Amino acid sequence: MTTTSGTPARSGPSDPRPLPVDPEDVEEPTVGPEDASDLCDQARDLVENGHLERAARLYGRAVAANPPPATQARALLGLAVVQDRRGDTTASREAARRALATGDGRYAPRAGYHLALSLEQEGEHEEAVRVWRRLLDMGDRTYTAVAHYGLAREAETRGETAEAEEHWEAALAPPTEEGRMAPLHTATVLEASRDLAGRLLGRGDAETAAIVVDRGLAIADDPELRLLRAATHVELALADAASVADPGPVESDEEWPRPAPRTSGAAVELLAGLLNLRGEPDSAARVWWSGLESRDPEVVDEVRRRLRRPFARPVDENGEEIPVPWWEGYLEEAEATSSASALAGELFAVIGRMHALLAMPTVEGETRPAVLREAMEQALRTPDELVWGADVHADFRRRLAEAMGEDVLPEGWPDTR
């Protein structure tokens with residue numbers, strides 16, 4: 001058998017298998033300006049599906065293609081947004097600056113808005129102000145309102161009240177042209193209204209805050225603005241109620257007539273209730289005490305009647321009113337200080353403890369007198385540590401003395417046996 005020369009036969013493919021290649025090492029094909037718009041479309045789809053890194057590369061290729069200004073601005077804006085979402089603030093801001101510099105009427109304002117907010121959030125206030133002013137110069141109606149709102153916030157930060165007021169007014173100004181407001185314009189007016197109204201309430205200017213809220217609600221209904229409007233009404237009601245509850249001293253016969261006792265009592269009750277609603281129970285309590293310390297006995301009676309209105313009327317088995325029980329003073333204080341729930345908690349805790357002390361020997365069928373006496377004494381002493389505990393014992397002592405005709409308990413009872 002004759003052999004032939006050449007490469008020996010072998011199994012498998014004739015060419016070696018290529019080594020794996022990192023996609024990052026592959027040189028991407030160069031694209032022309034006419035392809036940039038398609039790259040932007042592809043990048044947008046990638047962003048919607050969460051592929052941010054790939055989207056950033058496509059936007060970068062679109063920018064490098066040097067397309068017409070509008071497409072360039074679109075690509076740069078897309079790149080700024082994607083890099084921001086990826087956490088690369090520096091790259092995001094640089095892309096936004098370049099997009100703003102294009103001056104494109106559609107994408108440059110959006111890039112400026114994105115850039116200004118980023119700068120503001122990071123405390124770069126000087127550049128943020130410059131960007132907001134650049135947006136104003138571009139003349140877009142929607143972004144004009146946005147820019148005024150941004151400049152108002154910046155002026156507030158610097159404490160320049162007069163300048164801030166000018167920008168607040170411009171941000172809240174209704175459109176001068178007919179037609180439906182752009183969604184961003186509407187959202188800006190609502191947010192600016194909420195922001196300014198909150199600031200005004202914090203400064204104690206409820207009247208102006210109410211006007212601002214109404215301006216926002218004139219643009220669109222908004223739950224937060226409605227709540228703010230309720231808050232402004234509460235503040236205005238507080239001022240009115242306070243002026244009646246404490247009208248001040250009478251200096252002459254020409255002064256405005258003093259409120260009637262019923263009016264004064266109602267003002268005290270309303271003022272205390274509103275202060276509690278605002279989360280100031282200590283102030284509410286001072287209002288009640290001030291009413292109860294009035295120099296006019298009729299006012300005191302009216303205030304006390306309103307303070308005690310929630311209490312059950314003490315009556316005997318025949319339905320006849322009985323003298324005010326010892327605990328009424330504690331109820332009165334709890335109502336005035338908004339601590340009725342705490343008092344109720346104390347009472348339920350004492351009842352539960354007494355029940356447990358008395359129930360245990362009953363369940364166990366205990367018959368030894370000494371053990372039963374010890375359980376009853378422990379139950380009797382349960383409220384000792386509480387403010388009203390001593391009055392419980394004093395009330396029993398009084399009623400027992402009335403029944404027996406004399407005080408038969410030893411001095412210091414129940415501390416002494």
# chains A, B, ... in the order shown; residues from 1 in each chain; ligands from 1
call {"tool": "residues_around", "arguments": {"residues": "region 391-407 of chain A", "least_positions_apart": "2", "cutoff": "12 Å", "atoms": "only C-alpha atoms", "output": "list of chain:residue names"}}
result
A:Pro325, A:Trp326, A:Trp327, A:Glu328, A:Gly329, A:Tyr330, A:Leu347, A:Leu380, A:Arg381, A:Thr382, A:Pro383, A:Asp384, A:Glu385, A:Leu386, A:Val387, A:Trp388, A:Gly389, A:Leu409, A:Pro410, A:Glu411, A:Gly412, A:Trp413, A:Pro414, A:Asp415
call {"tool": "residues_around", "arguments": {"residues": "Gln42 (chain A)", "least_positions_apart": "3", "cutoff": "10 Å", "atoms": "only C-alpha atoms", "output": "number ranges by chain"}}
result
A: 36-39, 45-47, 54-55, 58-59
call {"tool": "write_last_selection", "arguments": {"atoms": "N, CA, C and O atoms", "output": "compact mmCIF listing (two decimals), in the first residue's frame"}}
result
# COMPACT_ATOMS: atom_id res chain seq x y z
N ALA A 36 -27.60 58.47 13.58
CA ALA A 36 -27.66 58.84 15.00
C ALA A 36 -29.08 58.76 15.55
O ALA A 36 -29.29 58.34 16.69
N SER A 37 -30.06 59.16 14.75
CA SER A 37 -31.44 59.12 15.24
C SER A 37 -31.88 57.70 15.54
O SER A 37 -32.55 57.43 16.55
N ASP A 38 -31.50 56.75 14.66
CA ASP A 38 -31.84 55.34 14.91
C ASP A 38 -31.16 54.84 16.17
O ASP A 38 -31.74 54.06 16.94
N LEU A 39 -29.92 55.24 16.38
CA LEU A 39 -29.22 54.83 17.61
C LEU A 39 -29.94 55.35 18.86
O LEU A 39 -30.05 54.65 19.87
N ASP A 45 -35.14 52.28 23.76
CA ASP A 45 -35.74 50.96 24.01
C ASP A 45 -34.93 50.20 25.07
O ASP A 45 -35.50 49.50 25.93
N LEU A 46 -33.61 50.31 24.99
CA LEU A 46 -32.78 49.63 25.98
C LEU A 46 -33.01 50.19 27.39
O LEU A 46 -33.05 49.44 28.37
N VAL A 47 -33.17 51.49 27.48
CA VAL A 47 -33.44 52.11 28.78
C VAL A 47 -34.75 51.59 29.36
O VAL A 47 -34.84 51.26 30.56
N ARG A 54 -25.63 49.50 28.06
CA ARG A 54 -25.70 49.42 26.60
C ARG A 54 -26.33 50.67 26.01
O ARG A 54 -25.90 51.16 24.96
N ALA A 55 -27.35 51.19 26.69
CA ALA A 55 -27.99 52.42 26.21
C ALA A 55 -27.00 53.57 26.21
O ALA A 55 -26.97 54.39 25.28
N LEU A 58 -24.78 53.41 23.19
CA LEU A 58 -25.44 53.82 21.95
C LEU A 58 -25.62 55.34 21.89
O LEU A 58 -25.41 55.95 20.84
N TYR A 59 -26.00 55.92 23.02
CA TYR A 59 -26.13 57.39 23.03
C TYR A 59 -24.76 58.03 22.76
O TYR A 59 -24.66 59.04 22.05
call {"tool": "residues_around", "arguments": {"residues": "region 309-314 of chain A", "least_positions_apart": "6", "cutoff": "12 Å", "atoms": "only C-alpha atoms", "output": "PyMOL selection string"}}
result
chain A and resi 269+301-303+320-332+334-336+340
call {"tool": "atom_distance", "arguments": {"atom1": "CA of Glu34 (chain A)", "atom2": "CA of Gly103 (chain A)"}}
result
20.5 Å
call {"tool": "atom_distance", "arguments": {"atom1": "CA of Ala152 (chain A)", "atom2": "CA of His167 (chain A)"}}
result
5.0 Å
call {"tool": "residues_around", "arguments": {"residues": "region 118-121 of chain A", "least_positions_apart": "5", "cutoff": "8 Å", "atoms": "only C-alpha atoms", "output": "list in words"}}
result
Arg93, Glu127 and Ala128 of chain A
call {"tool": "select_by_dssp", "arguments": {"residues": "region 177-268 of chain A", "states": "alpha helix (DSSP H)", "output": "number ranges by chain"}}
result
A: 183-202, 206-219, 223-245, 261-268
call {"tool": "residues_around", "arguments": {"residues": "His185 (chain A)", "least_positions_apart": "4", "cutoff": "7 Å", "atoms": "only C-alpha atoms", "output": "list of chain:residue names"}}
result
A:Thr142, A:Ala145, A:Met181, A:Val189
call {"tool": "atom_distance", "arguments": {"atom1": "CA of Glu122 (chain A)", "atom2": "CA of Ala101 (chain A)"}}
result
21.5 Å
call {"tool": "residues_around", "arguments": {"residues": "region 287-289 of chain A", "least_positions_apart": "4", "cutoff": "9 Å", "atoms": "only C-alpha atoms", "output": "number ranges by chain"}}
result
A: 245, 268-269, 271-272, 282-283, 293-294, 303-304, 307, 336-337
call {"tool": "closest_residue", "arguments": {"among": "A:Val299, A:Gly216, A:Ala192, A:Ala237", "to": "Arg258 (chain A)", "atoms": "only C-alpha atoms"}}
result
A:Val299
call {"tool": "decode", "arguments": {"residues": "region 331-343 of chain A", "atoms": "all heavy atoms", "output": "PDB file, in the first residue's frame"}}
result
ATOM      1  N   LEU A 331     -60.479  63.680  86.256  1.00  0.00           N
ATOM      2  CA  LEU A 331     -61.058  63.673  84.908  1.00  0.00           C
ATOM      3  C   LEU A 331     -60.947  65.054  84.270  1.00  0.00           C
ATOM      4  O   LEU A 331     -60.635  65.189  83.082  1.00  0.00           O
ATOM      5  CB  LEU A 331     -62.523  63.242  84.962  1.00  0.00           C
ATOM      6  CG  LEU A 331     -62.808  61.777  85.310  1.00  0.00           C
ATOM      7  CD1 LEU A 331     -64.318  61.534  85.341  1.00  0.00           C
ATOM      8  CD2 LEU A 331     -62.142  60.843  84.310  1.00  0.00           C
ATOM      9  N   GLU A 332     -61.193  66.072  85.086  1.00  0.00           N
ATOM     10  CA  GLU A 332     -61.122  67.447  84.572  1.00  0.00           C
ATOM     11  C   GLU A 332     -59.713  67.776  84.097  1.00  0.00           C
ATOM     12  O   GLU A 332     -59.516  68.345  83.019  1.00  0.00           O
ATOM     13  CB  GLU A 332     -61.562  68.409  85.674  1.00  0.00           C
ATOM     14  CG  GLU A 332     -61.687  69.848  85.225  1.00  0.00           C
ATOM     15  CD  GLU A 332     -62.236  70.725  86.333  1.00  0.00           C
ATOM     16  OE1 GLU A 332     -63.455  70.660  86.582  1.00  0.00           O
ATOM     17  OE2 GLU A 332     -61.430  71.463  86.938  1.00  0.00           O
ATOM     18  N   GLU A 333     -58.720  67.387  84.896  1.00  0.00           N
ATOM     19  CA  GLU A 333     -57.339  67.650  84.501  1.00  0.00           C
ATOM     20  C   GLU A 333     -56.958  66.830  83.268  1.00  0.00           C
ATOM     21  O   GLU A 333     -56.263  67.321  82.374  1.00  0.00           O
ATOM     22  CB  GLU A 333     -56.393  67.323  85.659  1.00  0.00           C
ATOM     23  CG  GLU A 333     -54.941  67.626  85.319  1.00  0.00           C
ATOM     24  CD  GLU A 333     -54.031  67.443  86.523  1.00  0.00           C
ATOM     25  OE1 GLU A 333     -54.536  67.106  87.601  1.00  0.00           O
ATOM     26  OE2 GLU A 333     -52.812  67.654  86.366  1.00  0.00           O
ATOM     27  N   ALA A 334     -57.412  65.578  83.215  1.00  0.00           N
ATOM     28  CA  ALA A 334     -57.100  64.740  82.062  1.00  0.00           C
ATOM     29  C   ALA A 334     -57.705  65.313  80.791  1.00  0.00           C
ATOM     30  O   ALA A 334     -57.087  65.294  79.724  1.00  0.00           O
ATOM     31  CB  ALA A 334     -57.602  63.315  82.297  1.00  0.00           C
ATOM     32  N   GLU A 335     -58.917  65.854  80.887  1.00  0.00           N
ATOM     33  CA  GLU A 335     -59.561  66.445  79.713  1.00  0.00           C
ATOM     34  C   GLU A 335     -58.819  67.706  79.279  1.00  0.00           C
ATOM     35  O   GLU A 335     -58.608  67.934  78.087  1.00  0.00           O
ATOM     36  CB  GLU A 335     -61.019  66.783  80.051  1.00  0.00           C
ATOM     37  CG  GLU A 335     -61.806  67.372  78.894  1.00  0.00           C
ATOM     38  CD  GLU A 335     -62.059  66.400  77.766  1.00  0.00           C
ATOM     39  OE1 GLU A 335     -61.916  65.169  77.991  1.00  0.00           O
ATOM     40  OE2 GLU A 335     -62.380  66.857  76.654  1.00  0.00           O
ATOM     41  N   ALA A 336     -58.407  68.501  80.238  1.00  0.00           N
ATOM     42  CA  ALA A 336     -57.718  69.755  79.903  1.00  0.00           C
ATOM     43  C   ALA A 336     -56.337  69.508  79.311  1.00  0.00           C
ATOM     44  O   ALA A 336     -55.872  70.261  78.460  1.00  0.00           O
ATOM     45  CB  ALA A 336     -57.591  70.637  81.145  1.00  0.00           C
ATOM     46  N   THR A 337     -55.673  68.436  79.752  1.00  0.00           N
ATOM     47  CA  THR A 337     -54.307  68.164  79.296  1.00  0.00           C
ATOM     48  C   THR A 337     -54.261  67.088  78.216  1.00  0.00           C
ATOM     49  O   THR A 337     -53.168  66.627  77.857  1.00  0.00           O
ATOM     50  CB  THR A 337     -53.434  67.722  80.480  1.00  0.00           C
ATOM     51  OG1 THR A 337     -54.016  66.560  81.084  1.00  0.00           O
ATOM     52  CG2 THR A 337     -53.322  68.826  81.518  1.00  0.00           C
ATOM     53  N   SER A 338     -55.417  66.698  77.706  1.00  0.00           N
ATOM     54  CA  SER A 338     -55.489  65.667  76.657  1.00  0.00           C
ATOM     55  C   SER A 338     -54.794  64.383  77.088  1.00  0.00           C
ATOM     56  O   SER A 338     -54.119  63.723  76.286  1.00  0.00           O
ATOM     57  CB  SER A 338     -54.869  66.182  75.355  1.00  0.00           C
ATOM     58  OG  SER A 338     -55.547  67.308  74.887  1.00  0.00           O
ATOM     59  N   SER A 339     -54.945  64.021  78.363  1.00  0.00           N
ATOM     60  CA  SER A 339     -54.312  62.809  78.873  1.00  0.00           C
ATOM     61  C   SER A 339     -55.341  61.807  79.372  1.00  0.00           C
ATOM     62  O   SER A 339     -55.019  60.947  80.197  1.00  0.00           O
ATOM     63  CB  SER A 339     -53.341  63.158  80.013  1.00  0.00           C
ATOM     64  OG  SER A 339     -54.021  63.822  81.073  1.00  0.00           O
ATOM     65  N   ALA A 340     -56.570  61.918  78.860  1.00  0.00           N
ATOM     66  CA  ALA A 340     -57.612  60.987  79.295  1.00  0.00           C
ATOM     67  C   ALA A 340     -57.241  59.544  78.968  1.00  0.00           C
ATOM     68  O   ALA A 340     -57.541  58.619  79.737  1.00  0.00           O
ATOM     69  CB  ALA A 340     -58.953  61.353  78.647  1.00  0.00           C
ATOM     70  N   SER A 341     -56.596  59.329  77.818  1.00  0.00           N
ATOM     71  CA  SER A 341     -56.215  57.963  77.453  1.00  0.00           C
ATOM     72  C   SER A 341     -55.186  57.409  78.435  1.00  0.00           C
ATOM     73  O   SER A 341     -55.206  56.215  78.764  1.00  0.00           O
ATOM     74  CB  SER A 341     -55.654  57.935  76.031  1.00  0.00           C
ATOM     75  OG  SER A 341     -54.531  58.798  75.912  1.00  0.00           O
ATOM     76  N   ALA A 342     -54.271  58.257  78.916  1.00  0.00           N
ATOM     77  CA  ALA A 342     -53.283  57.804  79.890  1.00  0.00           C
ATOM     78  C   ALA A 342     -53.949  57.447  81.211  1.00  0.00           C
ATOM     79  O   ALA A 342     -53.602  56.434  81.846  1.00  0.00           O
ATOM     80  CB  ALA A 342     -52.222  58.882  80.105  1.00  0.00           C
ATOM     81  N   LEU A 343     -54.915  58.262  81.643  1.00  0.00           N
ATOM     82  CA  LEU A 343     -55.643  57.977  82.875  1.00  0.00           C
ATOM     83  C   LEU A 343     -56.426  56.672  82.743  1.00  0.00           C
ATOM     84  O   LEU A 343     -56.434  55.842  83.659  1.00  0.00           O
ATOM     85  CB  LEU A 343     -56.585  59.132  83.214  1.00  0.00           C
ATOM     86  CG  LEU A 343     -57.447  58.961  84.465  1.00  0.00           C
ATOM     87  CD1 LEU A 343     -56.589  58.763  85.701  1.00  0.00           C
ATOM     88  CD2 LEU A 343     -58.374  60.162  84.634  1.00  0.00           C
TER      89      LEU A 343
END
